[in-house]
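Visitor: To be precise about what I am sending: the file is called input15.pdb and holds PDB, C-alpha atoms and all ligand atoms.
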```pdb
ATOM      1  CA  MET Q   1      38.004  -9.617  -8.156
ATOM      2  CA  SER Q   2      36.409  -6.184  -7.828
ATOM      3  CA  GLU Q   3      36.327  -4.453  -4.425
ATOM      4  CA  PRO Q   4      33.066  -4.781  -2.447
ATOM      5  CA  LEU Q   5      30.837  -1.695  -2.606
ATOM      6  CA  PRO Q   6      31.063   0.320   0.632
ATOM      7  CA  ALA Q   7      27.759   0.355   2.524
ATOM      8  CA  ASP Q   8      28.969   2.742   5.217
ATOM      9  CA  PRO Q   9      28.544   6.391   4.095
ATOM     10  CA  ARG Q  10      31.961   7.415   5.441
ATOM     11  CA  ALA Q  11      33.681   4.522   3.707
ATOM     12  CA  LEU Q  12      31.905   5.452   0.490
ATOM     13  CA  VAL Q  13      33.143   9.052   0.782
ATOM     14  CA  ARG Q  14      36.698   7.752   1.292
ATOM     15  CA  ARG Q  15      36.404   5.462  -1.759
ATOM     16  CA  VAL Q  16      35.158   8.357  -3.877
ATOM     17  CA  ALA Q  17      38.001  10.585  -2.636
ATOM     18  CA  GLU Q  18      40.481   7.893  -3.778
ATOM     19  CA  ARG Q  19      38.822   7.770  -7.209
ATOM     20  CA  LEU Q  20      39.012  11.563  -7.472
ATOM     21  CA  ALA Q  21      42.691  11.781  -6.503
ATOM     22  CA  PRO Q  22      44.052  11.742 -10.090
ATOM     23  CA  ALA Q  23      41.810  14.730 -10.974
ATOM     24  CA  ARG Q  24      43.842  16.936  -8.611
ATOM     25  CA  PHE Q  25      41.020  18.741  -6.842
ATOM     26  CA  ASP Q  26      42.158  21.257  -4.204
ATOM     27  CA  ALA Q  27      40.006  19.522  -1.583
ATOM     28  CA  PRO Q  28      39.255  15.936  -2.743
ATOM     29  CA  GLU Q  29      37.555  14.965   0.563
ATOM     30  CA  ARG Q  30      35.132  17.887   0.270
ATOM     31  CA  GLU Q  31      34.501  17.097  -3.427
ATOM     32  CA  ALA Q  32      33.868  13.473  -2.518
ATOM     33  CA  GLN Q  33      31.426  14.385   0.223
ATOM     34  CA  ALA Q  34      29.581  16.810  -2.055
ATOM     35  CA  LEU Q  35      29.336  14.167  -4.779
ATOM     36  CA  VAL Q  36      28.051  11.397  -2.501
ATOM     37  CA  ALA Q  37      25.515  13.758  -0.917
ATOM     38  CA  ALA Q  38      24.314  15.118  -4.268
ATOM     39  CA  VAL Q  39      23.934  11.709  -5.951
ATOM     40  CA  LEU Q  40      22.087  10.284  -2.935
ATOM     41  CA  ASP Q  41      20.017  13.463  -2.604
ATOM     42  CA  ARG Q  42      21.182  14.062   0.971
ATOM     43  CA  THR Q  43      22.772  17.143   2.487
ATOM     44  CA  PRO Q  44      26.385  16.687   3.670
ATOM     45  CA  GLY Q  45      25.026  17.016   7.236
ATOM     46  CA  GLU Q  46      22.469  14.243   6.653
ATOM     47  CA  LEU Q  47      25.189  12.076   5.176
ATOM     48  CA  GLU Q  48      27.351  12.592   8.261
ATOM     49  CA  LEU Q  49      24.405  11.673  10.468
ATOM     50  CA  ASP Q  50      23.696   8.567   8.358
ATOM     51  CA  GLY Q  51      27.273   7.488   9.126
ATOM     52  CA  LEU Q  52      26.972   8.162  12.858
ATOM     53  CA  LEU Q  53      23.668   6.291  13.076
ATOM     54  CA  GLY Q  54      25.084   3.302  11.203
ATOM     55  CA  ARG Q  55      22.645   3.559   8.270
ATOM     56  CA  ARG Q  56      23.669   1.381   5.308
ATOM     57  CA  ILE Q  57      23.776   2.444   1.688
ATOM     58  CA  PRO Q  58      22.058   0.001  -0.716
ATOM     59  CA  ALA Q  59      24.490  -1.517  -3.226
ATOM     60  CA  ALA Q  60      22.652  -0.002  -6.218
ATOM     61  CA  ASP Q  61      23.047   3.493  -4.727
ATOM     62  CA  ALA Q  62      26.746   2.953  -3.981
ATOM     63  CA  ALA Q  63      27.223   1.776  -7.581
ATOM     64  CA  ARG Q  64      25.516   4.956  -8.869
ATOM     65  CA  VAL Q  65      27.826   7.050  -6.708
ATOM     66  CA  LEU Q  66      30.952   5.313  -8.016
ATOM     67  CA  ALA Q  67      29.786   5.674 -11.623
ATOM     68  CA  ALA Q  68      29.311   9.418 -11.019
ATOM     69  CA  ALA Q  69      32.762   9.574  -9.379
ATOM     70  CA  ALA Q  70      34.348   8.159 -12.546
ATOM     71  CA  ARG Q  71      32.785  11.019 -14.558
ATOM     72  CA  ARG Q  72      33.671  13.622 -11.912
ATOM     73  CA  ALA Q  73      37.288  12.395 -12.077
ATOM     74  CA  ARG Q  74      37.193  13.528 -15.720
ATOM     75  CA  ARG Q  75      36.100  16.955 -14.372
ATOM     76  CA  GLU Q  76      32.505  16.832 -15.519
ATOM     77  CA  PRO Q  77      30.650  19.406 -13.389
ATOM     78  CA  LEU Q  78      28.844  17.896 -10.422
ATOM     79  CA  GLN Q  79      25.689  19.741 -11.525
ATOM     80  CA  HIS Q  80      25.744  17.904 -14.866
ATOM     81  CA  LEU Q  81      26.140  14.567 -13.093
ATOM     82  CA  VAL Q  82      23.053  15.111 -10.970
ATOM     83  CA  GLY Q  83      21.211  17.135 -13.626
ATOM     84  CA  ARG Q  84      20.370  20.054 -11.397
ATOM     85  CA  ALA Q  85      21.767  23.179  -9.761
ATOM     86  CA  PRO Q  86      20.380  25.111  -6.805
ATOM     87  CA  PHE Q  87      19.726  28.809  -7.340
ATOM     88  CA  HIS Q  88      17.932  31.248  -5.039
ATOM     89  CA  GLY Q  89      15.811  28.497  -3.502
ATOM     90  CA  HIS Q  90      15.014  26.750  -6.805
ATOM     91  CA  ASP Q  91      16.377  23.442  -8.023
ATOM     92  CA  LEU Q  92      17.050  24.109 -11.714
ATOM     93  CA  ALA Q  93      17.519  21.472 -14.407
ATOM     94  CA  VAL Q  94      20.929  21.791 -16.086
ATOM     95  CA  GLY Q  95      23.136  19.745 -18.381
ATOM     96  CA  PRO Q  96      25.274  19.956 -21.500
ATOM     97  CA  GLY Q  97      24.623  23.120 -23.516
ATOM     98  CA  VAL Q  98      23.535  25.421 -20.701
ATOM     99  CA  PHE Q  99      25.596  27.576 -18.360
ATOM    100  CA  VAL Q 100      25.485  26.252 -14.783
ATOM    101  CA  PRO Q 101      24.138  29.055 -12.558
ATOM    102  CA  ARG Q 102      26.625  30.205  -9.923
ATOM    103  CA  PRO Q 103      25.889  31.187  -6.318
ATOM    104  CA  GLU Q 104      27.477  34.637  -6.822
ATOM    105  CA  THR Q 105      24.746  35.508  -9.333
ATOM    106  CA  GLU Q 106      22.292  35.466  -6.417
ATOM    107  CA  LEU Q 107      23.862  38.813  -5.441
ATOM    108  CA  LEU Q 108      22.837  40.192  -8.811
ATOM    109  CA  VAL Q 109      19.282  39.018  -8.162
ATOM    110  CA  GLU Q 110      19.226  40.590  -4.689
ATOM    111  CA  ALA Q 111      20.592  43.882  -6.018
ATOM    112  CA  ALA Q 112      18.008  43.860  -8.825
ATOM    113  CA  LEU Q 113      15.090  43.105  -6.500
ATOM    114  CA  ALA Q 114      16.208  45.909  -4.173
ATOM    115  CA  ARG Q 115      15.880  48.338  -7.071
ATOM    116  CA  LEU Q 116      12.361  47.407  -8.119
ATOM    117  CA  ALA Q 117       9.857  49.834  -6.638
ATOM    118  CA  PRO Q 118       7.423  48.192  -4.162
ATOM    119  CA  ALA Q 119       4.490  46.406  -5.799
ATOM    120  CA  ARG Q 120       1.470  48.584  -6.571
ATOM    121  CA  ALA Q 121      -2.027  47.549  -7.506
ATOM    122  CA  ASP Q 122      -1.952  49.718 -10.645
ATOM    123  CA  ALA Q 123       1.476  48.801 -12.073
ATOM    124  CA  ARG Q 124       3.156  45.657 -13.385
ATOM    125  CA  PRO Q 125       6.844  46.514 -13.859
ATOM    126  CA  ARG Q 126       8.594  44.926 -16.842
ATOM    127  CA  VAL Q 127      11.881  43.117 -16.287
ATOM    128  CA  ALA Q 128      14.161  41.535 -18.901
ATOM    129  CA  ASP Q 129      16.892  38.958 -18.277
ATOM    130  CA  LEU Q 130      19.339  39.312 -21.194
ATOM    131  CA  GLY Q 131      20.988  35.931 -21.841
ATOM    132  CA  ALA Q 132      18.804  33.866 -19.533
ATOM    133  CA  GLY Q 133      20.595  30.480 -19.827
ATOM    134  CA  SER Q 134      18.876  28.086 -17.411
ATOM    135  CA  GLY Q 135      16.493  30.903 -16.448
ATOM    136  CA  ALA Q 136      18.105  31.369 -13.029
ATOM    137  CA  ILE Q 137      17.778  35.165 -12.795
ATOM    138  CA  ALA Q 138      14.382  35.414 -14.493
ATOM    139  CA  ILE Q 139      12.954  32.684 -12.255
ATOM    140  CA  ALA Q 140      14.321  34.190  -9.046
ATOM    141  CA  ILE Q 141      12.888  37.608  -9.901
ATOM    142  CA  ALA Q 142       9.542  36.259 -11.113
ATOM    143  CA  ALA Q 143       9.162  34.169  -7.959
ATOM    144  CA  ALA Q 144      10.034  37.073  -5.657
ATOM    145  CA  ARG Q 145       7.886  39.576  -7.543
ATOM    146  CA  PRO Q 146       4.766  37.953  -8.972
ATOM    147  CA  ASP Q 147       3.573  41.424  -9.995
ATOM    148  CA  ALA Q 148       6.488  41.812 -12.442
ATOM    149  CA  ARG Q 149       6.216  40.863 -16.119
ATOM    150  CA  VAL Q 150       9.470  39.017 -16.722
ATOM    151  CA  LEU Q 151      11.005  38.345 -20.136
ATOM    152  CA  ALA Q 152      13.774  35.737 -20.421
ATOM    153  CA  LEU Q 153      15.823  36.100 -23.617
ATOM    154  CA  GLU Q 154      18.216  33.448 -24.861
ATOM    155  CA  ALA Q 155      19.995  33.029 -28.204
ATOM    156  CA  SER Q 156      21.599  29.616 -27.817
ATOM    157  CA  PRO Q 157      19.621  26.716 -29.343
ATOM    158  CA  ARG Q 158      21.314  24.361 -26.869
ATOM    159  CA  ALA Q 159      20.379  26.437 -23.823
ATOM    160  CA  TRP Q 160      16.823  27.126 -25.048
ATOM    161  CA  PRO Q 161      15.229  23.762 -24.040
ATOM    162  CA  TRP Q 162      16.671  24.102 -20.523
ATOM    163  CA  LEU Q 163      15.242  27.605 -20.239
ATOM    164  CA  ARG Q 164      11.771  26.492 -21.405
ATOM    165  CA  ARG Q 165      11.781  23.553 -19.030
ATOM    166  CA  ASN Q 166      12.870  25.577 -15.993
ATOM    167  CA  LEU Q 167      10.449  28.414 -16.643
ATOM    168  CA  ARG Q 168       7.573  25.951 -17.018
ATOM    169  CA  ALA Q 169       8.487  24.356 -13.677
ATOM    170  CA  HIS Q 170       9.395  27.434 -11.626
ATOM    171  CA  ALA Q 171       7.982  30.583 -13.231
ATOM    172  CA  PRO Q 172       5.216  29.747 -15.698
ATOM    173  CA  GLY Q 173       4.205  33.413 -15.829
ATOM    174  CA  ALA Q 174       7.596  34.523 -17.196
ATOM    175  CA  GLU Q 175       7.897  34.758 -20.973
ATOM    176  CA  PRO Q 176      10.780  32.996 -22.734
ATOM    177  CA  ARG Q 177      11.898  34.408 -26.113
ATOM    178  CA  PHE Q 178      14.394  32.740 -28.387
ATOM    179  CA  GLY Q 179      16.986  34.768 -30.271
ATOM    180  CA  ASP Q 180      19.517  37.539 -29.873
ATOM    181  CA  TRP Q 181      18.054  39.821 -27.208
ATOM    182  CA  ARG Q 182      18.818  42.890 -29.377
ATOM    183  CA  GLN Q 183      16.464  41.702 -32.121
ATOM    184  CA  GLN Q 184      13.928  40.449 -29.614
ATOM    185  CA  LEU Q 185      13.721  43.837 -27.912
ATOM    186  CA  GLU Q 186      13.864  45.984 -31.064
ATOM    187  CA  ALA Q 187      10.099  46.377 -31.296
ATOM    188  CA  GLU Q 188       9.636  47.085 -27.584
ATOM    189  CA  PRO Q 189       8.489  50.634 -26.809
ATOM    190  CA  ASP Q 190      10.989  53.168 -25.466
ATOM    191  CA  GLY Q 191      11.124  53.469 -21.685
ATOM    192  CA  ASP Q 192       9.000  50.367 -21.023
ATOM    193  CA  PHE Q 193      11.300  48.462 -18.647
ATOM    194  CA  ALA Q 194      11.852  48.963 -14.939
ATOM    195  CA  LEU Q 195      14.818  46.595 -14.885
ATOM    196  CA  LEU Q 196      17.301  45.085 -17.316
ATOM    197  CA  VAL Q 197      19.404  42.397 -15.679
ATOM    198  CA  SER Q 198      22.171  40.335 -17.195
ATOM    199  CA  ASN Q 199      24.883  37.908 -16.318
ATOM    200  CA  PRO Q 200      26.361  38.270 -19.799
ATOM    201  CA  PRO Q 201      29.382  36.586 -21.330
ATOM    202  CA  TYR Q 202      32.280  38.709 -20.029
ATOM    203  CA  VAL Q 203      35.502  36.696 -20.291
ATOM    204  CA  PRO Q 204      38.145  38.336 -22.517
ATOM    205  CA  THR Q 205      38.664  36.063 -25.545
ATOM    206  CA  ARG Q 206      42.290  35.276 -24.703
ATOM    207  CA  GLU Q 207      41.685  34.517 -21.016
ATOM    208  CA  ILE Q 208      40.799  30.844 -21.277
ATOM    209  CA  PRO Q 209      39.466  29.755 -17.838
ATOM    210  CA  ALA Q 210      41.778  27.438 -15.894
ATOM    211  CA  ASP Q 211      39.016  25.218 -14.430
ATOM    212  CA  PRO Q 212      38.354  22.258 -16.759
ATOM    213  CA  GLU Q 213      34.690  22.289 -15.675
ATOM    214  CA  VAL Q 214      34.322  25.818 -17.072
ATOM    215  CA  ARG Q 215      36.650  25.482 -20.071
ATOM    216  CA  ARG Q 216      35.202  22.206 -21.346
ATOM    217  CA  HIS Q 217      31.610  22.255 -20.159
ATOM    218  CA  ASP Q 218      30.298  25.840 -19.989
ATOM    219  CA  PRO Q 219      29.136  26.785 -23.491
ATOM    220  CA  GLU Q 220      31.416  29.281 -25.290
ATOM    221  CA  PRO Q 221      28.624  31.791 -26.043
ATOM    222  CA  ALA Q 222      28.095  31.998 -22.283
ATOM    223  CA  LEU Q 223      31.720  32.897 -21.588
ATOM    224  CA  TYR Q 224      33.536  35.050 -24.127
ATOM    225  CA  SER Q 225      32.806  38.604 -25.201
ATOM    226  CA  GLY Q 226      35.573  40.238 -27.205
ATOM    227  CA  ALA Q 227      39.139  41.285 -26.443
ATOM    228  CA  ASP Q 228      38.345  43.013 -23.137
ATOM    229  CA  GLY Q 229      35.270  40.907 -22.300
ATOM    230  CA  LEU Q 230      33.018  43.953 -22.433
ATOM    231  CA  ASP Q 231      31.451  43.720 -25.911
ATOM    232  CA  GLU Q 232      28.130  42.405 -24.632
ATOM    233  CA  ILE Q 233      28.070  44.918 -21.760
ATOM    234  CA  ARG Q 234      28.568  47.743 -24.281
ATOM    235  CA  ARG Q 235      25.544  46.495 -26.259
ATOM    236  CA  ILE Q 236      23.481  46.209 -23.082
ATOM    237  CA  ALA Q 237      24.404  49.773 -22.087
ATOM    238  CA  GLY Q 238      23.306  51.129 -25.464
ATOM    239  CA  ALA Q 239      19.978  49.308 -25.335
ATOM    240  CA  ALA Q 240      19.356  50.212 -21.689
ATOM    241  CA  ARG Q 241      19.379  53.932 -22.474
ATOM    242  CA  ARG Q 242      16.397  53.442 -24.792
ATOM    243  CA  LEU Q 243      14.486  50.682 -23.043
ATOM    244  CA  LEU Q 244      14.609  51.796 -19.412
ATOM    245  CA  ALA Q 245      11.871  53.903 -17.919
ATOM    246  CA  PRO Q 246      13.076  57.031 -16.117
ATOM    247  CA  GLY Q 247      14.525  55.807 -12.822
ATOM    248  CA  GLY Q 248      14.774  52.205 -14.119
ATOM    249  CA  HIS Q 249      17.977  50.254 -13.513
ATOM    250  CA  VAL Q 250      20.348  48.103 -15.513
ATOM    251  CA  LEU Q 251      22.498  45.619 -13.595
ATOM    252  CA  VAL Q 252      25.259  43.439 -15.011
ATOM    253  CA  GLU Q 253      27.625  40.881 -13.553
ATOM    254  CA  HIS Q 254      31.327  40.975 -14.531
ATOM    255  CA  THR Q 255      34.792  39.895 -13.383
ATOM    256  CA  GLU Q 256      36.436  41.477 -10.372
ATOM    257  CA  ARG Q 257      38.652  43.562 -12.687
ATOM    258  CA  GLN Q 258      35.899  45.046 -14.863
ATOM    259  CA  GLY Q 259      34.085  47.337 -12.381
ATOM    260  CA  ALA Q 260      35.631  50.664 -13.407
ATOM    261  CA  ALA Q 261      35.437  49.898 -17.135
ATOM    262  CA  THR Q 262      31.801  48.811 -16.813
ATOM    263  CA  ARG Q 263      30.869  52.000 -14.943
ATOM    264  CA  ALA Q 264      32.521  54.015 -17.713
ATOM    265  CA  VAL Q 265      30.612  52.056 -20.383
ATOM    266  CA  LEU Q 266      27.258  52.608 -18.663
ATOM    267  CA  GLU Q 267      27.877  56.299 -18.033
ATOM    268  CA  SER Q 268      29.087  56.984 -21.543
ATOM    269  CA  ALA Q 269      25.828  55.438 -22.809
ATOM    270  CA  GLY Q 270      23.988  58.193 -20.907
ATOM    271  CA  LEU Q 271      23.021  56.282 -17.771
ATOM    272  CA  VAL Q 272      23.607  57.874 -14.374
ATOM    273  CA  ASP Q 273      24.740  56.953 -10.850
ATOM    274  CA  ALA Q 274      26.844  53.998 -12.003
ATOM    275  CA  ALA Q 275      28.060  52.012  -9.001
ATOM    276  CA  THR Q 276      29.863  48.727  -8.476
ATOM    277  CA  LEU Q 277      28.956  46.204  -5.779
ATOM    278  CA  ALA Q 278      31.349  43.703  -4.245
ATOM    279  CA  ASP Q 279      30.647  40.082  -3.305
ATOM    280  CA  LEU Q 280      31.107  38.669   0.189
ATOM    281  CA  THR Q 281      34.853  38.323  -0.397
ATOM    282  CA  GLY Q 282      35.147  42.020  -1.271
ATOM    283  CA  ARG Q 283      35.555  41.471  -5.016
ATOM    284  CA  ASP Q 284      33.774  43.782  -7.470
ATOM    285  CA  ARG Q 285      31.188  41.637  -9.281
ATOM    286  CA  ILE Q 286      28.147  43.736 -10.219
ATOM    287  CA  THR Q 287      27.739  47.156 -11.749
ATOM    288  CA  LEU Q 288      24.472  48.996 -12.014
ATOM    289  CA  ALA Q 289      23.249  52.337 -13.288
ATOM    290  CA  ARG Q 290      19.984  54.212 -13.624
ATOM    291  CA  ALA Q 291      18.159  55.935 -16.425
ATOM    292  CA  GLY Q 292      17.948  59.613 -15.475
ATOM    293  CA  ALA Q 293      14.525  61.187 -14.938
ATOM    294  CA  VAL Q 294      13.211  63.113 -17.921
ATOM    295  CA  GLY Q 295      10.366  64.834 -16.150
ATOM    296  CA  ARG Q 296       7.666  62.223 -16.575
ATOM    297  CA  ARG Q 297       6.428  59.626 -14.159
ATOM    298  CA  GLY Q 298       7.507  56.119 -15.108
ATOM    299  CA  PRO Q 299       6.847  52.629 -13.695
ATOM    300  CA  CYS Q 300       9.858  52.972 -11.374
ATOM    301  CA  ASP Q 301       8.866  56.165  -9.572
TER
HETATM  302  C1  LIG E 401      26.972  33.651 -18.480
HETATM  303  S1  LIG E 401      25.550  32.910 -19.181
HETATM  304  C2  LIG E 401      24.343  33.361 -17.953
HETATM  305  C3  LIG E 401      23.132  32.488 -17.931
HETATM  306  C4  LIG E 401      22.161  32.783 -16.775
HETATM  307  N1  LIG E 401      21.613  34.117 -16.905
HETATM  308  C5  LIG E 401      22.860  32.638 -15.432
HETATM  309  O1  LIG E 401      23.173  33.654 -14.813
HETATM  310  O2  LIG E 401      23.095  31.489 -15.005
HETATM  311  C6  LIG E 401      25.180  34.009 -20.543
HETATM  312  C7  LIG E 401      24.009  33.540 -21.403
HETATM  313  O3  LIG E 401      23.750  34.553 -22.405
HETATM  314  C8  LIG E 401      23.460  33.937 -23.637
HETATM  315  N2  LIG E 401      23.733  34.968 -24.665
HETATM  316  C9  LIG E 401      24.934  35.494 -25.032
HETATM  317  N3  LIG E 401      24.768  36.471 -25.944
HETATM  318  C10 LIG E 401      23.423  36.580 -26.157
HETATM  319  C11 LIG E 401      22.618  37.418 -26.975
HETATM  320  N4  LIG E 401      23.171  38.357 -27.741
HETATM  321  N5  LIG E 401      21.274  37.263 -26.947
HETATM  322  C12 LIG E 401      20.704  36.321 -26.140
HETATM  323  N6  LIG E 401      21.419  35.490 -25.348
HETATM  324  C13 LIG E 401      22.761  35.616 -25.332
HETATM  325  C14 LIG E 401      24.376  32.736 -23.669
HETATM  326  O4  LIG E 401      23.936  31.762 -24.587
HETATM  327  C15 LIG E 401      24.277  32.276 -22.206
HETATM  328  O5  LIG E 401      23.190  31.378 -22.026
END
```
Re-express the file's structure as structure tokens.
Ligand SMILES: C[S@@+](CC[C@H](N)C(=O)[O-])C[C@H]1O[C@@H](n2cnc3c(N)ncnc32)[C@H](O)[C@@H]1O
Guide:
Amino acid sequence: MSEPLPADPRALVRRVAERLAPARFDAPEREAQALVAAVLDRTPGELELDGLLGRRIPAADAARVLAAAARRARREPLQHLVGRAPFHGHDLAVGPGVFVPRPETELLVEAALARLAPARADARPRVADLGAGSGAIAIAIAAARPDARVLALEASPRAWPWLRRNLRAHAPGAEPRFGDWRQQLEAEPDGDFALLVSNPPYVPTREIPADPEVRRHDPEPALYSGADGLDEIRRIAGAARRLLAPGGHVLVEHTERQGAATRAVLESAGLVDAATLADLTGRDRITLARAGAVGRRGPCD
């Protein structure tokens, strides 16, 4: 006979933690709580309160939670199980074929927004998100700066429908373009962009990620970029020199070990003031640089 479905939220969390045990999570209790909360669309705090107040979980909901736990035990990302991922205040649709946006990329967004000149009545700065995936960066920037004209470029046919869907829902004014961003931007005029932002693929080809969620479920074109992981960043640096307006910025995310190499790449492409920013744990994660002034007033002055 099968076990009765737990109706008490705390008992359900314990049951899920038991089901997750074989998957060897570092913190199975925390994983279990996150899963129950996400599937039931509660915060962990609300779930705790539900338990304290003696609220009961309907059997159909408990069954949904346990079905999700069986998939999570096979290390499917939680975001795929619930079909969404939070990013910069937006609830983005995600699933197989698209890179799940990570909280650390919000730092890239903040750093990018800080480098856009204040809105002016007579200017609409252009911004491009190179490798937009779910649209996380493009959406966050478009929402924070409705005056900006945001382009979201994506080459993966599997990621493309997710990008279209998220832009429609969260940033209908942003323009999605399908294809390799280099071809898509070829016809754009020199010096037309205030910002180029990218969370590009940056994992060195031989450094296969240890996390099964990343290794098996993040799409390969979102991860790998040549022997040192910097191939895509080199291409971005070359394009940035031409596309950025004087004073415009390029910002890229990278691993904690790629800061110095990324600064060198950006500077050798002719950009200036390359600097690396660390995340809240002190790890280098973002490098940015500026197009030097050439004596004319651009959209970033
Ligand atoms: C690490 S993911 C980042 C996705 C999203 N910007 C984010 O931060 O969540 C990199 C994305 O770039 C896309 N990509 C890689 N090379 C590209 C290229 N040359 N042109 C357009 N998109 C590219 C991949 O398909 C993937 O969706």
Visitor: For Ala69 (chain Q), work out the shell of residues within 9 Å, counting only C-alpha atoms and skipping chain neighbours fewer than 3 positions away, then give it as a PDB file with C-alpha atoms, keeping the file's coordinate frame.
Guide:
```
ATOM      1  CA  VAL Q  16      35.158   8.357  -3.877  1.00  0.00           C
ATOM      2  CA  ALA Q  17      38.001  10.585  -2.636  1.00  0.00           C
ATOM      3  CA  ARG Q  19      38.822   7.770  -7.209  1.00  0.00           C
ATOM      4  CA  LEU Q  20      39.012  11.563  -7.472  1.00  0.00           C
ATOM      5  CA  ALA Q  32      33.868  13.473  -2.518  1.00  0.00           C
ATOM      6  CA  LEU Q  35      29.336  14.167  -4.779  1.00  0.00           C
ATOM      7  CA  VAL Q  36      28.051  11.397  -2.501  1.00  0.00           C
ATOM      8  CA  ARG Q  64      25.516   4.956  -8.869  1.00  0.00           C
ATOM      9  CA  VAL Q  65      27.826   7.050  -6.708  1.00  0.00           C
ATOM     10  CA  LEU Q  66      30.952   5.313  -8.016  1.00  0.00           C
ATOM     11  CA  ARG Q  72      33.671  13.622 -11.912  1.00  0.00           C
ATOM     12  CA  ALA Q  73      37.288  12.395 -12.077  1.00  0.00           C
ATOM     13  CA  ARG Q  74      37.193  13.528 -15.720  1.00  0.00           C
TER      14      ARG Q  74
END
```
Visitor: How would you report the residues lying within 7 Å of ligand LIG 401 (chain E), as JSON, numbers by chain, if you count all atoms listed in the file?
Guide: {"Q": [98, 99, 100, 101, 102, 105, 129, 130, 131, 132, 133, 134, 135, 136, 137, 153, 154, 155, 156, 159, 179, 180, 181, 182, 198, 199, 200, 201, 221, 222, 223, 232]}
Visitor: Which polymer residues, whether protein, DNA or RNA, lie within 10 Å of the coordinate (33.1, 22.1, -17.7) when you count only C-alpha atoms? List them as a PyMOL selection string, using the chain letters and numbers from the file.
Guide: chain Q and resi 74-80+96+99-100+209+211-219
Visitor: Which residue, Q:Ala128, Q:Ala68, Q:Ala169, Q:Ala114, has the smallest gap to Ala152 (chain Q) when you use all atoms listed in the file?
Guide: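 Among the listed residues, Q:Ala128 lies closest to Ala152 (chain Q).
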Visitor: I'd like the neighbourhood of region 285-295 of chain Q as JSON, numbers by chain, where a residue qualifies if any of its atoms comes within 9 Å (using all atoms listed in the file), though same-chain residues fewer than 6 positions away should be ignored.
Guide: {"Q": [104, 105, 107, 108, 111, 112, 240, 241, 242, 244, 245, 246, 247, 248, 249, 250, 251, 252, 253, 254, 255, 256, 257, 258, 259, 260, 262, 263, 266, 267, 270, 271, 272, 273, 274, 275, 276, 277, 278, 279]}
Visitor: Would you write out, as a list in words, every residue that the PyMOL selection byres (((chain Q and resi 142) around 10) and not hetatm) captures in this file?
Guide: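 Given this file, the PyMOL selection byres (((chain Q and resi 142) around 10) and not hetatm) evaluates to Leu113, Val127, Ile137, Ala138, Ile139, Ala140, Ile141, Ala143, Ala144, Arg145, Pro146, Asp147, Ala148, Arg149, Val150, Leu151, Leu167, His170, Ala171, Pro172, Gly173 and Ala174 of chain Q.
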Visitor: With C-alpha atoms retained, write the just-selected residues as a PDB file, keeping the file's coordinate frame.
Guide:
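Contents of the output file selection17.pdb:
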```
ATOM      1  CA  LEU Q 113      15.090  43.105  -6.500  1.00  0.00           C
ATOM      2  CA  VAL Q 127      11.881  43.117 -16.287  1.00  0.00           C
ATOM      3  CA  ILE Q 137      17.778  35.165 -12.795  1.00  0.00           C
ATOM      4  CA  ALA Q 138      14.382  35.414 -14.493  1.00  0.00           C
ATOM      5  CA  ILE Q 139      12.954  32.684 -12.255  1.00  0.00           C
ATOM      6  CA  ALA Q 140      14.321  34.190  -9.046  1.00  0.00           C
ATOM      7  CA  ILE Q 141      12.888  37.608  -9.901  1.00  0.00           C
ATOM      8  CA  ALA Q 143       9.162  34.169  -7.959  1.00  0.00           C
ATOM      9  CA  ALA Q 144      10.034  37.073  -5.657  1.00  0.00           C
ATOM     10  CA  ARG Q 145       7.886  39.576  -7.543  1.00  0.00           C
ATOM     11  CA  PRO Q 146       4.766  37.953  -8.972  1.00  0.00           C
ATOM     12  CA  ASP Q 147       3.573  41.424  -9.995  1.00  0.00           C
ATOM     13  CA  ALA Q 148       6.488  41.812 -12.442  1.00  0.00           C
ATOM     14  CA  ARG Q 149       6.216  40.863 -16.119  1.00  0.00           C
ATOM     15  CA  VAL Q 150       9.470  39.017 -16.722  1.00  0.00           C
ATOM     16  CA  LEU Q 151      11.005  38.345 -20.136  1.00  0.00           C
ATOM     17  CA  LEU Q 167      10.449  28.414 -16.643  1.00  0.00           C
ATOM     18  CA  HIS Q 170       9.395  27.434 -11.626  1.00  0.00           C
ATOM     19  CA  ALA Q 171       7.982  30.583 -13.231  1.00  0.00           C
ATOM     20  CA  PRO Q 172       5.216  29.747 -15.698  1.00  0.00           C
ATOM     21  CA  GLY Q 173       4.205  33.413 -15.829  1.00  0.00           C
ATOM     22  CA  ALA Q 174       7.596  34.523 -17.196  1.00  0.00           C
TER      23      ALA Q 174
END
```
Visitor: Which is closer to Leu243 (chain Q) than all the others in Q:Leu195, Q:Leu49, Q:Ala269, Q:Val39, using all atoms listed in the file?
Guide: Q:Leu195
Visitor: So what do you get for CA of Asp231 (chain Q) versus CA of Tyr202 (chain Q), distance-wise?
Guide: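 Computed distance, CA of Asp231 (chain Q) to CA of Tyr202 (chain Q), equals 7.8 Å.
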Visitor: Once 5 Å is added on each side, what centre and edge lengths in Å to one decimal does the axis-aligned box around all listed atoms of region 104-122 of chain Q have, as lines of an AutoDock Vina configuration file?
Guide:
```
center_x = 12.7
center_y = 42.2
center_z = -7.4
size_x = 39.5
size_y = 25.2
size_z = 16.5
```
Visitor: Would you work out the distance separating CA of Pro125 (chain Q) from CA of Phe87 (chain Q), expressed in Å to one decimal?
Guide: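 Result for CA of Pro125 (chain Q) versus CA of Phe87 (chain Q): 22.8 Å, one decimal.
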Visitor: Work out how far CA of Ala227 (chain Q) is from CA of Ala210 (chain Q), in Å to one decimal.
Guide: 17.6 Å
Visitor: Compare Q:Arg283, Q:Arg30, Q:His88, Q:Arg10 by their minimum atom-to-atom distance to Leu52 (chain Q), counting all atoms listed in the file, and give me the closest one.
Guide: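 Nearest candidate to Leu52 (chain Q) out of Q:Arg283, Q:Arg30, Q:His88, Q:Arg10: Q:Arg10.
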